[in-house]
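A short write-up of the structure that comes next.
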Amino acid sequence: PYNRSSLYFASLDARIRAKSSGKRKLDDMLRPMFVSRQQGVRFDHDAWKKMLARELGPDAVAEWERVILEGEMFIPESNAFGPCFRRTPKTYSVADKPVEGYAWVRVPSVPDATCRTW
């Protein structure tokens, strides 16, 4: 569940950046939630779903329920970790059996300076 959540949030960040043409990111969506919690406002599933729906629409809420609450298999977008990495297919060996998966590979054409500012 911890890996699924981290991949989900990386993907969520990429989608927020894409939808806003780079003007917003996950931190921008979460900041008001943390401020209100410090002021004693309760934050629960319903509040999360409303915030997510405002940012990305009802399909994002349905996906969150499937992936995080129900544990559905989730494969993040190839650009989930920004322009510097791409998801590529990879076969792993688990108990001497091949398992299809993926790895994040550095995109050599993207300058390091771009990666540092992501």
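Labels used: A, B, ... for chains in the order of the structure tokens, numbers from 1 for residues in each chain, and numbers from 1 for ligands as shown.
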**OP:** For A:Ala47, please output as an MDAnalysis selection string all residues within 12 Å (counting only C-alpha atoms; exclusion window: fewer than 3 positions along the same chain).
**Re:** chainID A and resid 30 32:33 36:37 41:44 50:54 61
**OP:** For A:Ala103, list every protein, DNA or RNA residue within 10 Å, evaluated using only C-alpha atoms, and leave out those in the same chain fewer than 6 positions away; present the list as a ChimeraX atom specification.
**Re:** /A:78,85-92
Restricting it to N, CA and C atoms, dump the selection as a short mmCIF file (atom, residue, chain, number, x, y, z; two decimals), in the first residue's frame.
```cif
data_model
loop_
_atom_site.label_atom_id
_atom_site.label_comp_id
_atom_site.auth_asym_id
_atom_site.auth_seq_id
_atom_site.Cartn_x
_atom_site.Cartn_y
_atom_site.Cartn_z
N SER A 78 3.64 7.88 -17.56
CA SER A 78 5.07 7.79 -17.80
C SER A 78 5.81 9.02 -17.29
N PHE A 85 12.30 11.59 -16.22
CA PHE A 85 12.20 10.14 -16.16
C PHE A 85 11.02 9.66 -16.98
N ARG A 86 11.15 8.49 -17.54
CA ARG A 86 10.07 7.85 -18.28
C ARG A 86 9.92 6.42 -17.79
N ARG A 87 8.68 5.98 -17.77
CA ARG A 87 8.38 4.60 -17.40
C ARG A 87 8.67 3.73 -18.61
N THR A 88 9.45 2.68 -18.39
CA THR A 88 9.75 1.74 -19.48
C THR A 88 9.46 0.32 -19.01
N PRO A 89 9.00 -0.53 -19.91
CA PRO A 89 8.71 -1.92 -19.53
C PRO A 89 9.98 -2.63 -19.05
N LYS A 90 9.81 -3.50 -18.07
CA LYS A 90 10.94 -4.27 -17.56
C LYS A 90 10.42 -5.59 -17.01
N THR A 91 11.13 -6.66 -17.27
CA THR A 91 10.79 -7.97 -16.73
C THR A 91 11.68 -8.25 -15.54
N TYR A 92 11.06 -8.59 -14.43
CA TYR A 92 11.78 -8.92 -13.20
C TYR A 92 11.66 -10.42 -12.96
#
```
**OP:** Would you kindly return, as a list of chain:residue names, each protein, DNA or RNA residue with an atom no farther than 12 Å from any atom of A:Glu77, considering only C-alpha atoms and excluding same-chain residues fewer than 6 positions away?
**Re:** A:Leu7, A:Tyr8, A:Phe9, A:Ala10, A:Ser11, A:Leu12, A:Asp13, A:Ala14, A:Arg15, A:Ala18, A:Pro83, A:Phe85, A:Arg86, A:Arg87, A:Thr88, A:Tyr102, A:Trp104
Since we have the selection now, will you write its residues out, keeping C-alpha atoms, as a short mmCIF file (atom, residue, chain, number, x, y, z; two decimals), in the first residue's frame?
```
data_model
loop_
_atom_site.label_atom_id
_atom_site.label_comp_id
_atom_site.auth_asym_id
_atom_site.auth_seq_id
_atom_site.Cartn_x
_atom_site.Cartn_y
_atom_site.Cartn_z
CA LEU A 7 2.99 6.24 -7.14
CA TYR A 8 -0.58 7.53 -6.98
CA PHE A 9 0.53 10.90 -5.58
CA ALA A 10 3.34 11.23 -8.13
CA SER A 11 0.78 10.60 -10.85
CA LEU A 12 -1.67 13.03 -9.26
CA ASP A 13 1.03 15.72 -9.25
CA ALA A 14 1.77 15.11 -12.94
CA ARG A 15 -1.92 15.40 -13.83
CA ALA A 18 -0.60 19.00 -17.00
CA PRO A 83 10.21 15.32 -17.59
CA PHE A 85 12.20 10.14 -16.16
CA ARG A 86 10.07 7.85 -18.28
CA ARG A 87 8.38 4.60 -17.40
CA THR A 88 9.75 1.74 -19.48
CA TYR A 102 8.34 -1.26 -15.38
CA TRP A 104 11.88 4.64 -14.29
#
```
**OP:** Grab the atom CA of A:Ile75 to atom CA of A:Thr117 distance for me, in Å with one decimal place.
**Re:**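 The value is 24.6 Å.
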**OP:** Determine which residues of chain A receive a DSSP assignment of strand (DSSP E or B), computed from the backbone, and state them as an MDAnalysis selection string.
**Re:** chainID A and resid 85:94 97:106
**OP:** Could you give me the residues within stretch 16-112 of chain A that DSSP places in alpha helix (DSSP H), as a ChimeraX atom specification?
**Re:** /A:16-19,26-38,45-56,58-64,112
Subject >> Distance criterion (only C-alpha atoms): nearest to A:Ser6 out of A:Ala62, A:Cys84, A:Val67, A:Ala113 >> reply: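 So, comparing all the options, the nearest one is A:Val67.
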Original post:
Could you work out how far atom CA of A:Gly71 lies from atom CA of A:Lys25, giving the answer in Å with one decimal?
Top reply: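 Interatomic distance, atom CA of A:Lys25 to atom CA of A:Gly71: 24.4 Å.
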Subject >> Minimum-distance residue to A:Leu56, chosen among A:Lys23, A:Ala80, A:Arg17, A:Asn3 (using only C-alpha atoms) >> reply: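 Of A:Lys23, A:Ala80, A:Arg17, A:Asn3, the one nearest A:Leu56, counting only C-alpha atoms, is A:Arg17.
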**OP:** Measure the distance from atom CA of A:Gly82 to atom CA of A:Glu55 in Å and round it to one decimal.
**Re:** 18.9 Å
Original post:
Restricting the calculation to only C-alpha atoms, which member of A:Pro111, A:Trp118, A:Ser5, A:Pro58 is positioned closest to A:Phe74?
Top reply: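 Among A:Pro111, A:Trp118, A:Ser5, A:Pro58, it is A:Ser5 that comes nearest to A:Phe74.
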